[in-house]
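**Student:** I am sharing protein_20.csv, which consists of CSV, C-alpha atoms:
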```
chain,number,residue,atom,x,y,z
A,1,MET,CA,0.0,0.0,0.0
A,2,PRO,CA,1.5,3.4,-1.0
A,3,SER,CA,1.7,6.0,1.7
A,4,ALA,CA,-0.5,9.0,1.8
A,5,GLN,CA,2.4,11.2,0.7
A,6,ASP,CA,3.1,9.0,-2.4
A,7,ILE,CA,-0.5,9.3,-3.5
A,8,ARG,CA,-0.4,13.0,-2.9
A,9,ARG,CA,2.6,13.3,-5.1
A,10,ARG,CA,1.0,11.2,-7.8
A,11,ILE,CA,-2.1,13.3,-7.8
A,12,ARG,CA,0.0,16.4,-8.2
A,13,SER,CA,1.9,15.0,-11.2
A,14,VAL,CA,-1.3,13.8,-12.9
A,15,LYS,CA,-2.8,17.3,-12.4
A,16,ASN,CA,0.2,18.8,-14.1
A,17,ILE,CA,-0.1,16.4,-17.0
A,18,GLN,CA,-3.8,17.2,-17.3
A,19,GLN,CA,-3.0,20.9,-17.5
A,20,ILE,CA,-0.6,20.3,-20.3
A,21,THR,CA,-3.0,18.1,-22.3
A,22,LYS,CA,-5.7,20.6,-21.7
A,23,ALA,CA,-3.6,23.4,-23.1
A,24,MET,CA,-2.5,21.3,-26.1
A,25,LYS,CA,-6.1,20.6,-26.8
A,26,MET,CA,-7.0,24.3,-26.8
A,27,VAL,CA,-4.1,25.1,-29.0
A,28,ALA,CA,-5.0,22.4,-31.4
A,29,ALA,CA,-8.6,23.5,-31.5
A,30,ALA,CA,-7.6,27.1,-32.3
A,31,ARG,CA,-5.2,26.0,-35.0
A,32,LEU,CA,-7.7,23.6,-36.4
A,33,ARG,CA,-10.1,26.5,-36.9
A,34,ARG,CA,-7.5,28.5,-38.6
A,35,ALA,CA,-6.5,25.6,-40.8
A,36,GLN,CA,-10.1,25.1,-41.8
A,37,GLU,CA,-10.4,28.7,-42.7
A,38,LYS,CA,-7.3,28.5,-44.8
A,39,ALA,CA,-8.7,25.4,-46.6
A,40,ALA,CA,-11.9,27.3,-47.3
A,41,ALA,CA,-10.0,30.3,-48.6
A,42,SER,CA,-8.1,28.2,-51.1
A,43,LYS,CA,-11.3,26.6,-52.5
A,44,PRO,CA,-12.1,29.2,-55.1
A,45,TYR,CA,-8.7,28.9,-56.6
A,46,THR,CA,-8.7,25.1,-56.6
A,47,GLU,CA,-12.2,24.9,-58.2
A,48,LYS,CA,-11.4,27.5,-60.8
A,49,ILE,CA,-8.2,25.8,-61.9
A,50,ARG,CA,-10.0,22.5,-62.2
A,51,GLN,CA,-12.7,24.1,-64.2
A,52,ILE,CA,-10.1,25.7,-66.6
A,53,LEU,CA,-8.2,22.5,-66.9
A,54,ALA,CA,-11.4,20.7,-67.9
A,55,SER,CA,-12.2,23.2,-70.6
A,56,VAL,CA,-8.6,23.3,-71.8
A,57,ALA,CA,-8.3,19.5,-71.9
A,58,ALA,CA,-11.5,19.3,-73.9
A,59,HIS,CA,-10.0,21.5,-76.5
A,60,THR,CA,-6.6,19.9,-76.9
A,61,THR,CA,-6.2,17.2,-79.4
A,62,ASP,CA,-3.0,15.5,-78.7
A,63,GLN,CA,-2.2,15.5,-75.0
A,64,ALA,CA,1.6,15.3,-75.4
A,65,HIS,CA,2.6,17.0,-72.2
A,66,PRO,CA,5.3,15.1,-70.3
A,67,LEU,CA,3.3,15.2,-67.1
A,68,LEU,CA,0.5,13.3,-68.8
A,69,GLU,CA,2.6,10.5,-70.2
A,70,VAL,CA,1.5,7.0,-69.2
A,71,ARG,CA,4.4,4.6,-69.1
A,72,GLU,CA,4.8,1.0,-68.2
A,73,VAL,CA,5.2,1.1,-64.4
A,74,LYS,CA,8.6,0.0,-63.2
A,75,ARG,CA,9.1,2.1,-60.2
A,76,THR,CA,6.4,3.8,-58.1
A,77,VAL,CA,6.9,6.6,-55.6
A,78,TYR,CA,4.6,7.2,-52.6
A,79,VAL,CA,4.4,10.6,-51.1
A,80,VAL,CA,3.4,10.3,-47.5
A,81,LEU,CA,2.0,13.2,-45.6
A,82,SER,CA,2.5,12.7,-41.9
A,83,SER,CA,3.1,15.0,-38.9
A,84,ASP,CA,6.2,16.5,-37.3
A,85,LYS,CA,5.1,16.1,-33.8
A,86,GLY,CA,3.5,13.2,-32.0
A,87,LEU,CA,0.8,13.3,-29.4
A,88,ALA,CA,-1.9,13.2,-32.1
A,89,GLY,CA,-3.3,9.8,-31.3
A,90,ALA,CA,-3.1,7.3,-34.1
A,91,TYR,CA,-2.8,9.9,-36.8
A,92,SER,CA,0.7,9.0,-38.0
A,93,SER,CA,0.4,5.3,-37.5
A,94,ASN,CA,-2.8,5.3,-39.5
A,95,ILE,CA,-1.2,6.9,-42.4
A,96,ILE,CA,1.8,4.5,-42.2
A,97,LYS,CA,-0.6,1.6,-42.1
A,98,GLU,CA,-2.1,2.9,-45.3
A,99,VAL,CA,1.2,2.9,-47.0
A,100,LEU,CA,2.8,-0.3,-45.6
A,101,PRO,CA,0.8,-2.9,-47.6
A,102,ARG,CA,1.6,-1.1,-50.8
A,103,ILE,CA,5.3,-1.0,-50.3
A,104,ALA,CA,6.0,-4.2,-48.2
A,105,GLY,CA,8.0,-6.7,-50.2
A,106,ASN,CA,8.4,-4.6,-53.2
A,107,ASP,CA,11.8,-3.0,-53.9
A,108,GLN,CA,10.6,-1.0,-56.9
A,109,VAL,CA,9.2,1.7,-54.8
A,110,GLY,CA,10.4,5.0,-53.6
A,111,LEU,CA,9.3,7.2,-50.7
A,112,VAL,CA,9.0,10.9,-50.3
A,113,THR,CA,8.0,11.8,-46.8
A,114,VAL,CA,6.6,15.0,-45.4
A,115,GLY,CA,6.8,15.3,-41.6
A,116,ARG,CA,9.2,13.8,-39.2
A,117,LYS,CA,7.1,10.9,-38.1
A,118,ALA,CA,6.9,9.1,-41.4
A,119,ARG,CA,10.6,9.8,-42.2
A,120,ASP,CA,11.7,8.4,-38.8
A,121,TYR,CA,9.5,5.4,-39.2
A,122,PHE,CA,10.7,4.4,-42.6
A,123,LYS,CA,14.3,5.2,-42.0
A,124,ARG,CA,14.4,3.1,-38.8
A,125,ARG,CA,13.0,0.2,-40.7
A,126,GLY,CA,15.6,0.3,-43.4
A,127,TYR,CA,13.5,1.8,-46.3
A,128,THR,CA,15.2,4.2,-48.5
A,129,VAL,CA,13.6,7.6,-48.3
A,130,ASP,CA,14.2,9.5,-51.6
A,131,ALA,CA,13.3,12.9,-50.3
A,132,GLU,CA,12.1,14.3,-47.1
A,133,TYR,CA,10.3,17.5,-46.1
A,134,THR,CA,9.9,18.5,-42.5
A,135,GLY,CA,8.9,21.5,-40.4
A,136,PHE,CA,5.6,22.6,-41.9
A,137,SER,CA,3.2,19.7,-41.4
A,138,GLU,CA,0.9,21.9,-39.2
A,139,LYS,CA,1.0,25.0,-41.2
A,140,PRO,CA,1.7,24.3,-44.9
A,141,ALA,CA,2.2,27.3,-47.2
A,142,TYR,CA,1.8,27.3,-51.0
A,143,ASP,CA,5.6,27.5,-51.3
A,144,HIS,CA,6.0,24.1,-49.7
A,145,ALA,CA,3.5,22.6,-52.2
A,146,TRP,CA,5.4,24.4,-55.0
A,147,ALA,CA,8.7,22.9,-53.9
A,148,ILE,CA,7.3,19.4,-53.6
A,149,ALA,CA,5.6,19.6,-56.9
A,150,ARG,CA,8.8,20.7,-58.6
A,151,ASP,CA,10.7,17.9,-57.2
A,152,LEU,CA,8.1,15.3,-58.0
A,153,SER,CA,7.6,16.4,-61.6
A,154,GLU,CA,11.4,16.3,-62.1
A,155,ARG,CA,11.5,12.8,-60.8
A,156,PHE,CA,8.7,11.8,-63.0
A,157,GLN,CA,10.1,13.4,-66.2
A,158,SER,CA,13.6,12.1,-65.7
A,159,GLY,CA,12.2,8.6,-65.6
A,160,ASP,CA,13.2,8.0,-62.0
A,161,CYS,CA,9.7,6.7,-61.4
A,162,ASP,CA,6.7,6.0,-63.6
A,163,GLU,CA,3.9,6.6,-61.2
A,164,ILE,CA,3.5,8.8,-58.1
A,165,TYR,CA,0.9,8.3,-55.5
A,166,LEU,CA,0.0,10.7,-52.7
A,167,VAL,CA,-1.0,9.3,-49.4
A,168,TYR,CA,-2.7,11.7,-46.9
A,169,THR,CA,-5.5,12.0,-44.4
A,170,GLN,CA,-8.8,13.4,-45.6
A,171,PHE,CA,-10.5,15.5,-43.0
A,172,PHE,CA,-14.2,15.0,-42.7
A,173,SER,CA,-14.5,16.1,-39.0
A,174,ALA,CA,-12.3,16.1,-35.9
A,175,ILE,CA,-13.4,12.5,-35.2
A,176,ASN,CA,-13.7,11.3,-38.8
A,177,LEU,CA,-10.3,11.2,-40.5
A,178,GLN,CA,-9.7,8.9,-43.4
A,179,PRO,CA,-6.3,8.0,-44.8
A,180,ILE,CA,-6.5,7.9,-48.6
A,181,THR,CA,-4.3,7.3,-51.5
A,182,ILE,CA,-4.6,9.2,-54.8
A,183,LYS,CA,-2.7,9.0,-58.0
A,184,LEU,CA,-0.7,12.1,-58.6
A,185,LEU,CA,1.3,11.5,-61.7
A,186,PRO,CA,0.8,10.9,-64.6
A,187,LEU,CA,-2.0,13.5,-64.3
A,188,SER,CA,-5.3,12.6,-65.7
A,189,THR,CA,-7.3,15.3,-67.4
A,190,GLU,CA,-10.5,13.3,-67.5
A,191,THR,CA,-13.2,15.1,-65.6
A,192,THR,CA,-16.8,14.8,-65.2
A,193,GLU,CA,-17.3,18.5,-65.3
A,194,GLN,CA,-19.5,20.1,-67.9
A,195,VAL,CA,-17.6,22.1,-70.5
A,196,ASN,CA,-19.9,24.7,-72.0
A,197,THR,CA,-18.5,27.7,-73.8
A,198,ASP,CA,-16.2,27.8,-76.8
A,199,TYR,CA,-13.0,29.3,-75.6
A,200,ILE,CA,-10.3,31.3,-77.3
A,201,PHE,CA,-6.9,30.2,-76.1
A,202,GLU,CA,-4.0,32.5,-76.1
A,203,PRO,CA,-1.6,31.5,-77.6
A,204,SER,CA,-2.9,27.9,-78.1
A,205,ALA,CA,-4.8,25.3,-76.1
A,206,ASP,CA,-1.7,23.1,-76.0
A,207,GLU,CA,0.5,25.8,-74.7
A,208,VAL,CA,-2.0,26.8,-72.0
A,209,LEU,CA,-2.3,23.2,-71.0
A,210,GLY,CA,1.5,23.1,-70.6
A,211,LEU,CA,1.4,26.1,-68.3
A,212,LEU,CA,-1.6,24.8,-66.4
A,213,LEU,CA,-0.6,21.3,-65.6
A,214,PRO,CA,2.2,22.2,-63.2
A,215,LYS,CA,-0.1,24.6,-61.4
A,216,TYR,CA,-2.7,21.9,-61.2
A,217,LEU,CA,-0.2,19.6,-59.6
A,218,GLU,CA,0.8,22.2,-57.1
A,219,THR,CA,-2.8,22.9,-56.2
A,220,THR,CA,-3.5,19.2,-55.7
A,221,ILE,CA,-0.5,18.9,-53.4
A,222,PHE,CA,-1.4,22.1,-51.6
A,223,GLY,CA,-4.9,20.9,-51.0
A,224,ALA,CA,-3.7,17.6,-49.7
A,225,LEU,CA,-1.2,19.3,-47.4
A,226,MET,CA,-4.0,21.4,-45.9
A,227,GLN,CA,-6.2,18.4,-45.5
A,228,ALA,CA,-3.3,16.6,-43.7
A,229,ALA,CA,-2.7,19.7,-41.5
A,230,ALA,CA,-6.4,19.9,-40.5
A,231,SER,CA,-6.4,16.1,-39.9
A,232,GLU,CA,-3.3,16.3,-37.7
A,233,LEU,CA,-4.8,19.1,-35.6
A,234,GLY,CA,-8.1,17.3,-35.4
A,235,ALA,CA,-6.4,14.1,-34.3
A,236,ARG,CA,-4.4,15.9,-31.7
A,237,MET,CA,-7.4,17.7,-30.4
A,238,THR,CA,-9.4,14.4,-29.9
A,239,ALA,CA,-6.3,12.7,-28.5
A,240,MET,CA,-5.7,15.5,-26.0
A,241,GLU,CA,-9.3,15.7,-25.1
A,242,SER,CA,-9.5,12.0,-24.1
A,243,ALA,CA,-6.1,12.4,-22.3
A,244,THR,CA,-7.6,15.2,-20.3
A,245,ASP,CA,-10.7,13.1,-19.5
A,246,ASN,CA,-8.5,10.1,-18.5
A,247,ALA,CA,-6.4,12.3,-16.2
A,248,GLU,CA,-9.6,13.6,-14.6
A,249,GLU,CA,-10.8,10.0,-14.0
A,250,LEU,CA,-7.4,9.0,-12.7
A,251,ILE,CA,-7.3,11.9,-10.3
A,252,SER,CA,-10.7,11.1,-8.8
A,253,LYS,CA,-9.6,7.5,-8.3
A,254,LEU,CA,-6.4,8.6,-6.7
A,255,ILE,CA,-8.3,11.0,-4.4
A,256,LEU,CA,-10.6,8.3,-3.3
A,257,ASN,CA,-7.6,6.1,-2.6
A,258,TYR,CA,-5.8,8.9,-0.8
A,259,ASN,CA,-8.8,9.5,1.5
A,260,LYS,CA,-9.0,5.8,2.3
A,261,VAL,CA,-5.4,5.7,3.2
A,262,ARG,CA,-5.7,8.9,5.3
A,263,GLN,CA,-8.7,7.5,7.1
A,264,ALA,CA,-7.0,4.2,7.7
A,265,THR,CA,-4.1,6.1,9.2
A,266,ILE,CA,-6.3,8.1,11.5
A,267,THR,CA,-8.2,5.1,12.6
A,268,ARG,CA,-5.0,3.3,13.3
A,269,GLU,CA,-3.6,6.2,15.3
A,270,ILE,CA,-6.8,6.5,17.3
A,271,SER,CA,-6.9,2.8,18.1
A,272,GLU,CA,-3.2,3.0,19.1
A,273,ILE,CA,-3.9,6.0,21.4
A,274,VAL,CA,-6.9,4.2,22.9
A,275,GLY,CA,-4.9,1.1,23.2
A,276,GLY,CA,-2.1,3.0,24.9
A,277,ALA,CA,-4.5,4.7,27.3
A,278,GLU,CA,-6.1,1.4,28.1
A,279,ALA,CA,-2.8,-0.1,28.9
A,280,LEU,CA,-1.9,2.7,31.3
A,281,LYS,CA,-5.0,2.1,33.4
B,282,MET,CA,-22.3,54.9,-66.7
B,283,ALA,CA,-20.2,52.5,-68.5
B,284,ARG,CA,-20.9,48.8,-68.4
B,285,LYS,CA,-18.9,46.9,-65.8
B,286,ILE,CA,-17.2,43.6,-65.7
B,287,GLN,CA,-16.6,41.6,-62.5
B,288,LEU,CA,-13.0,41.0,-61.8
B,289,ASP,CA,-11.9,38.4,-59.3
B,290,ILE,CA,-8.3,37.8,-58.5
B,291,VAL,CA,-7.7,34.5,-56.6
B,292,SER,CA,-4.5,33.1,-55.2
B,293,PRO,CA,-4.2,29.7,-53.5
B,294,GLU,CA,-4.3,31.4,-50.1
B,295,ARG,CA,-7.2,33.7,-50.5
B,296,LEU,CA,-9.5,35.8,-52.7
B,297,VAL,CA,-7.3,38.9,-53.2
B,298,PHE,CA,-9.6,41.2,-55.1
B,299,SER,CA,-13.2,41.3,-56.2
B,300,THR,CA,-14.8,44.4,-57.7
B,301,ALA,CA,-16.6,45.4,-60.8
B,302,VAL,CA,-14.3,47.3,-63.2
B,303,ASN,CA,-14.6,49.0,-66.6
B,304,MET,CA,-11.6,47.4,-68.2
B,305,VAL,CA,-8.8,45.0,-67.5
B,306,ILE,CA,-5.5,45.1,-69.2
B,307,ALA,CA,-3.2,42.1,-68.8
B,308,ARG,CA,0.0,40.9,-70.4
B,309,THR,CA,-0.4,37.4,-71.5
B,310,THR,CA,2.3,35.1,-72.8
B,311,ALA,CA,1.3,36.2,-76.3
B,312,GLY,CA,1.1,39.9,-75.7
B,313,ASP,CA,-1.1,42.5,-74.0
B,314,ILE,CA,-4.9,42.1,-74.0
B,315,GLY,CA,-7.5,44.5,-73.0
B,316,VAL,CA,-10.8,43.0,-71.7
B,317,LEU,CA,-14.0,45.0,-71.9
B,318,PRO,CA,-17.4,43.8,-70.7
B,319,GLY,CA,-18.9,41.3,-73.1
B,320,HIS,CA,-15.6,39.8,-74.2
B,321,THR,CA,-15.6,36.4,-75.8
B,322,PRO,CA,-14.6,33.6,-73.5
B,323,LEU,CA,-10.8,33.3,-73.4
B,324,ILE,CA,-8.2,31.5,-71.4
B,325,ALA,CA,-4.6,32.7,-71.4
B,326,GLY,CA,-1.4,32.4,-69.4
B,327,LEU,CA,-0.1,35.6,-67.8
B,328,GLN,CA,3.4,37.0,-67.6
B,329,ILE,CA,4.9,38.5,-64.4
B,330,TRP,CA,3.6,41.9,-65.1
B,331,PRO,CA,1.2,44.4,-63.4
B,332,LEU,CA,-2.4,43.8,-64.0
B,333,ARG,CA,-4.0,47.1,-64.9
B,334,LEU,CA,-7.6,47.8,-64.2
B,335,LEU,CA,-9.7,50.8,-65.1
B,336,THR,CA,-12.4,51.9,-62.7
B,337,ASP,CA,-14.5,55.0,-62.5
B,338,GLU,CA,-11.9,56.4,-60.1
B,339,GLY,CA,-9.0,55.9,-62.5
B,340,GLU,CA,-6.4,53.3,-63.1
B,341,GLN,CA,-5.2,50.8,-60.5
B,342,GLN,CA,-2.4,48.3,-60.7
B,343,ILE,CA,-2.1,45.0,-59.0
B,344,SER,CA,1.0,42.8,-58.9
B,345,VAL,CA,0.3,39.4,-60.3
B,346,CYS,CA,3.1,37.0,-60.7
B,347,GLY,CA,2.2,34.7,-63.5
B,348,GLY,CA,-0.9,32.6,-63.5
B,349,PHE,CA,-3.9,32.5,-65.8
B,350,ILE,CA,-6.7,34.7,-66.9
B,351,ASP,CA,-10.1,33.3,-67.6
B,352,VAL,CA,-12.5,35.6,-69.3
B,353,GLN,CA,-16.2,35.2,-69.5
B,354,PRO,CA,-18.5,37.9,-70.9
B,355,GLU,CA,-19.6,39.1,-67.5
B,356,LYS,CA,-16.6,38.0,-65.4
B,357,VAL,CA,-12.8,37.9,-65.4
B,358,THR,CA,-11.0,35.6,-63.1
B,359,VAL,CA,-7.3,35.8,-62.6
B,360,LEU,CA,-5.6,32.8,-61.0
B,361,ALA,CA,-2.2,33.7,-59.7
B,362,ALA,CA,0.3,31.9,-57.5
B,363,CYS,CA,0.7,35.2,-55.7
B,364,ALA,CA,-1.1,38.5,-56.0
B,365,GLU,CA,-0.9,41.6,-53.9
B,366,LEU,CA,-2.6,45.0,-53.9
B,367,PRO,CA,-0.2,47.9,-53.9
B,368,GLU,CA,-0.7,48.7,-50.3
B,369,GLU,CA,0.1,45.1,-49.2
B,370,ILE,CA,3.5,44.9,-50.8
B,371,ASP,CA,6.3,44.5,-48.3
B,372,VAL,CA,8.9,46.8,-49.9
B,373,ALA,CA,11.8,45.7,-47.6
B,374,ARG,CA,11.1,42.0,-48.5
B,375,ALA,CA,10.9,42.7,-52.2
B,376,GLU,CA,14.2,44.6,-52.0
B,377,ALA,CA,15.9,41.7,-50.2
B,378,ALA,CA,14.4,39.3,-52.7
B,379,LYS,CA,15.8,41.4,-55.5
B,380,SER,CA,19.3,41.5,-54.3
B,381,ARG,CA,19.2,37.8,-53.4
B,382,ALA,CA,17.9,36.9,-56.9
B,383,GLU,CA,20.6,39.1,-58.5
B,384,ALA,CA,23.3,37.4,-56.5
B,385,ARG,CA,22.0,34.1,-57.5
B,386,ILE,CA,21.9,35.0,-61.2
B,387,LYS,CA,25.5,36.1,-61.0
B,388,GLY,CA,26.4,32.9,-59.2
B,389,SER,CA,24.7,30.6,-61.6
B,390,LYS,CA,25.9,32.3,-64.7
B,391,GLU,CA,29.4,31.3,-63.6
B,392,SER,CA,28.5,27.7,-62.9
B,393,ARG,CA,26.0,27.5,-65.8
B,394,GLU,CA,23.1,25.9,-64.0
B,395,ASN,CA,20.1,26.6,-66.1
B,396,VAL,CA,17.4,25.4,-63.8
B,397,ASP,CA,18.4,27.7,-61.0
B,398,LEU,CA,19.0,30.5,-63.4
B,399,ALA,CA,15.4,30.4,-64.6
B,400,ARG,CA,14.1,30.3,-61.1
B,401,ALA,CA,16.3,33.2,-60.0
B,402,GLU,CA,15.2,35.2,-63.0
B,403,ALA,CA,11.6,34.6,-62.2
B,404,ALA,CA,12.2,35.7,-58.6
B,405,LEU,CA,14.0,38.8,-59.8
B,406,LYS,CA,11.1,39.6,-62.1
B,407,ARG,CA,8.6,39.2,-59.2
B,408,ALA,CA,10.7,41.4,-57.0
B,409,LEU,CA,11.0,44.1,-59.6
B,410,LEU,CA,7.3,44.0,-60.3
B,411,ARG,CA,6.5,44.4,-56.6
B,412,LEU,CA,8.9,47.3,-56.3
B,413,GLN,CA,7.5,49.0,-59.3
B,414,ILE,CA,3.9,48.8,-58.2
B,415,ALA,CA,4.7,49.8,-54.6
B,416,HIS,CA,6.7,52.7,-55.9
B,417,ARG,CA,3.9,53.8,-58.2
B,418,HIS,CA,1.4,53.5,-55.3
B,419,LYS,CA,3.4,56.0,-53.1
B,420,HIS,CA,3.3,58.8,-55.7
```
If you convert what's in this file into structure tokens, what do you get?
**Tutor:**
Amino acid sequence: MPSAQDIRRRIRSVKNIQQITKAMKMVAAARLRRAQEKAAASKPYTEKIRQILASVAAHTTDQAHPLLEVREVKRTVYVVLSSDKGLAGAYSSNIIKEVLPRIAGNDQVGLVTVGRKARDYFKRRGYTVDAEYTGFSEKPAYDHAWAIARDLSERFQSGDCDEIYLVYTQFFSAINLQPITIKLLPLSTETTEQVNTDYIFEPSADEVLGLLLPKYLETTIFGALMQAAASELGARMTAMESATDNAEELISKLILNYNKVRQATITREISEIVGGAEALK
Amino acid sequence: MARKIQLDIVSPERLVFSTAVNMVIARTTAGDIGVLPGHTPLIAGLQIWPLRLLTDEGEQQISVCGGFIDVQPEKVTVLAACAELPEEIDVARAEAAKSRAEARIKGSKESRENVDLARAEAALKRALLRLQIAHRHKH
């Protein structure tokens, strides 16, 4: 049986932990709101570029852009968007679980990791990581998407890989996060969107397409980065909320225990005093 | 009053500008175009160049670094990787970017790395564009 003092110490330490988890939850909640606002702010751009791409693609005859080239698949690269920090529940392990079955036992794969968690995981297990990006998983900017897109299209065009998949977590709500895999390259211009007007293209549809595709790739990556950031924050918020609840529960159990011990000590002391007084008679 | 055309400038981060204007003048990869209300649908790539727009109050310039212009009879949408109104331009940052880009161009001309040269040139163009517009705004 631990002494009353031990329990008291324990209660104090759990309370401290609870304060930290509570603060982390609040921070995650505030940042999540901001991340969602940012995702909403980028919507018009994303939608417009998709719309333009659809109309351009409908007007081009030969789609001979290098980013559209479908080749026989020899080597596949997976881009994994994970977090830099832990304490986000199963966020990072879920995303890794999504990737693992695809790469296990296959040496013709490459990995590009975003965030420290995925990088550390794959490096520790002896996978080769072709490229790594860290330090912005919570607050991605368009520049990051731009740098990743540039690197990936270079890899694709140089023939280093013939297919690139993007693995990230889609944010539906703070408790509904879904890891998904999408094909990034070669790009597909097939869309279900309605193309209405007859456009003039300046200088030509093919040339506009050539300018547009890299932008489209960047936008797709940027969108995924923002989804991943929102998911990370959402996962952290939920994880920290349940940690706070658990701490609360633990504290109430410990307090109950502490009172029992205290009472037992008092009872014992009284009976000792009574016993002593009795013996003196 | 003249007929107006709705101009929206969107960047990946936000909606930068949205107003009805009289005319939009943009420099596309194939040359300058002027867009008046009722223009035929058109899609073009843009150069790193000020986007000029004429309103009832006069002319205004907005820094737009590349991107696309999508013209509909009633509406013009400019998609740009970055776009700033004159008053939002950070002059100090643009100055720093300018000297950085110049140094890089000098460095890569010696080592003949074309990829970085193209990037540095684009960065220099953007910086100069921002400075030009910020400068114009002050006067």
**Student:** Could you work out which residues of chain A fall inside 6 Å of chain B? Count all atoms listed in the file, and format the result as a count of residues only.
**Tutor:** 8
**Student:** Could you check which of A:Ala4, A:Cys161, A:Ile52, A:Met24 is closest to A:Ala205, using all atoms listed in the file?
**Tutor:**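 Among A:Ala4, A:Cys161, A:Ile52, A:Met24, it is A:Ile52 that comes nearest to A:Ala205.
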**Student:** Between atom CA of A:Gln5 and atom CA of A:Ser242, what is the distance in Å, rounded to a tenth?
**Tutor:**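 Separation between atom CA of A:Gln5 and atom CA of A:Ser242: 27.5 Å.
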**Student:** Determine, for each residue of stretch 121-226 of chain A having at least one atom at most 10 Å from an atom of stretch 110-113 of chain A, the closest pair of atoms and their separation in Å to one decimal, counting only C-alpha atoms; order by chain and ascending number, as CSV.
**Tutor:**
```
residue,atom,partner,partner_atom,distance
A:Phe122,CA,A:Leu111,CA,8.7
A:Tyr127,CA,A:Leu111,CA,8.1
A:Thr128,CA,A:Leu111,CA,7.0
A:Val129,CA,A:Leu111,CA,4.9
A:Asp130,CA,A:Leu111,CA,5.5
A:Ala131,CA,A:Val112,CA,4.7
A:Glu132,CA,A:Thr113,CA,4.8
A:Tyr133,CA,A:Thr113,CA,6.2
A:Thr134,CA,A:Thr113,CA,8.2
A:Ile148,CA,A:Val112,CA,9.3
A:Asp151,CA,A:Val112,CA,10.0
A:Leu152,CA,A:Val112,CA,8.9
A:Asp160,CA,A:Gly110,CA,9.3
A:Cys161,CA,A:Gly110,CA,8.0
A:Ile164,CA,A:Gly110,CA,9.1
A:Tyr165,CA,A:Leu111,CA,9.7
A:Leu166,CA,A:Val112,CA,9.3
A:Val167,CA,A:Thr113,CA,9.7
```
**Student:** Keeping only C-alpha atoms, write the selected residues to a file as a JSON list (two decimals), in the coordinates of the input.
**Tutor:**
```json
[["chain", "number", "residue", "atom", "x", "y", "z"],
["A", 122, "PHE", "CA", 10.70, 4.40, -42.60],
["A", 127, "TYR", "CA", 13.50, 1.80, -46.30],
["A", 128, "THR", "CA", 15.20, 4.20, -48.50],
["A", 129, "VAL", "CA", 13.60, 7.60, -48.30],
["A", 130, "ASP", "CA", 14.20, 9.50, -51.60],
["A", 131, "ALA", "CA", 13.30, 12.90, -50.30],
["A", 132, "GLU", "CA", 12.10, 14.30, -47.10],
["A", 133, "TYR", "CA", 10.30, 17.50, -46.10],
["A", 134, "THR", "CA", 9.90, 18.50, -42.50],
["A", 148, "ILE", "CA", 7.30, 19.40, -53.60],
["A", 151, "ASP", "CA", 10.70, 17.90, -57.20],
["A", 152, "LEU", "CA", 8.10, 15.30, -58.00],
["A", 160, "ASP", "CA", 13.20, 8.00, -62.00],
["A", 161, "CYS", "CA", 9.70, 6.70, -61.40],
["A", 164, "ILE", "CA", 3.50, 8.80, -58.10],
["A", 165, "TYR", "CA", 0.90, 8.30, -55.50],
["A", 166, "LEU", "CA", 0.00, 10.70, -52.70],
["A", 167, "VAL", "CA", -1.00, 9.30, -49.40]]
```
**Student:** A:Leu212, A:Ala224, A:Val56, A:Leu217: which is nearest A:Val114, counting all atoms listed in the file?
**Tutor:**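 Closest to A:Val114 of all the choices is A:Ala224.
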**Student:** Return the single residue from A:Pro2, A:Pro179, A:Gly86, A:Gly234 that is closest to A:Glu98, with distances computed using all atoms listed in the file.
**Tutor:**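 So, comparing all the options, the nearest one is A:Pro179.
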**Student:** So the first atom is atom CA of B:Trp330 and the second is atom CA of A:Pro44; what is the distance between them in Å, to one decimal place?
**Tutor:**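 Taking atom CA of B:Trp330 as the start and atom CA of A:Pro44 as the end point, the length is 22.5 Å.
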**Student:** I'd like the neighbourhood of B:Lys406 as JSON, numbers by chain, where a residue qualifies if any of its atoms comes within 12 Å (using only C-alpha atoms), though same-chain residues fewer than 2 positions away should be ignored.
**Tutor:** {"B": [328, 329, 330, 331, 344, 345, 346, 347, 375, 376, 378, 379, 380, 382, 383, 386, 399, 400, 401, 402, 403, 404, 408, 409, 410, 411, 412, 413]}
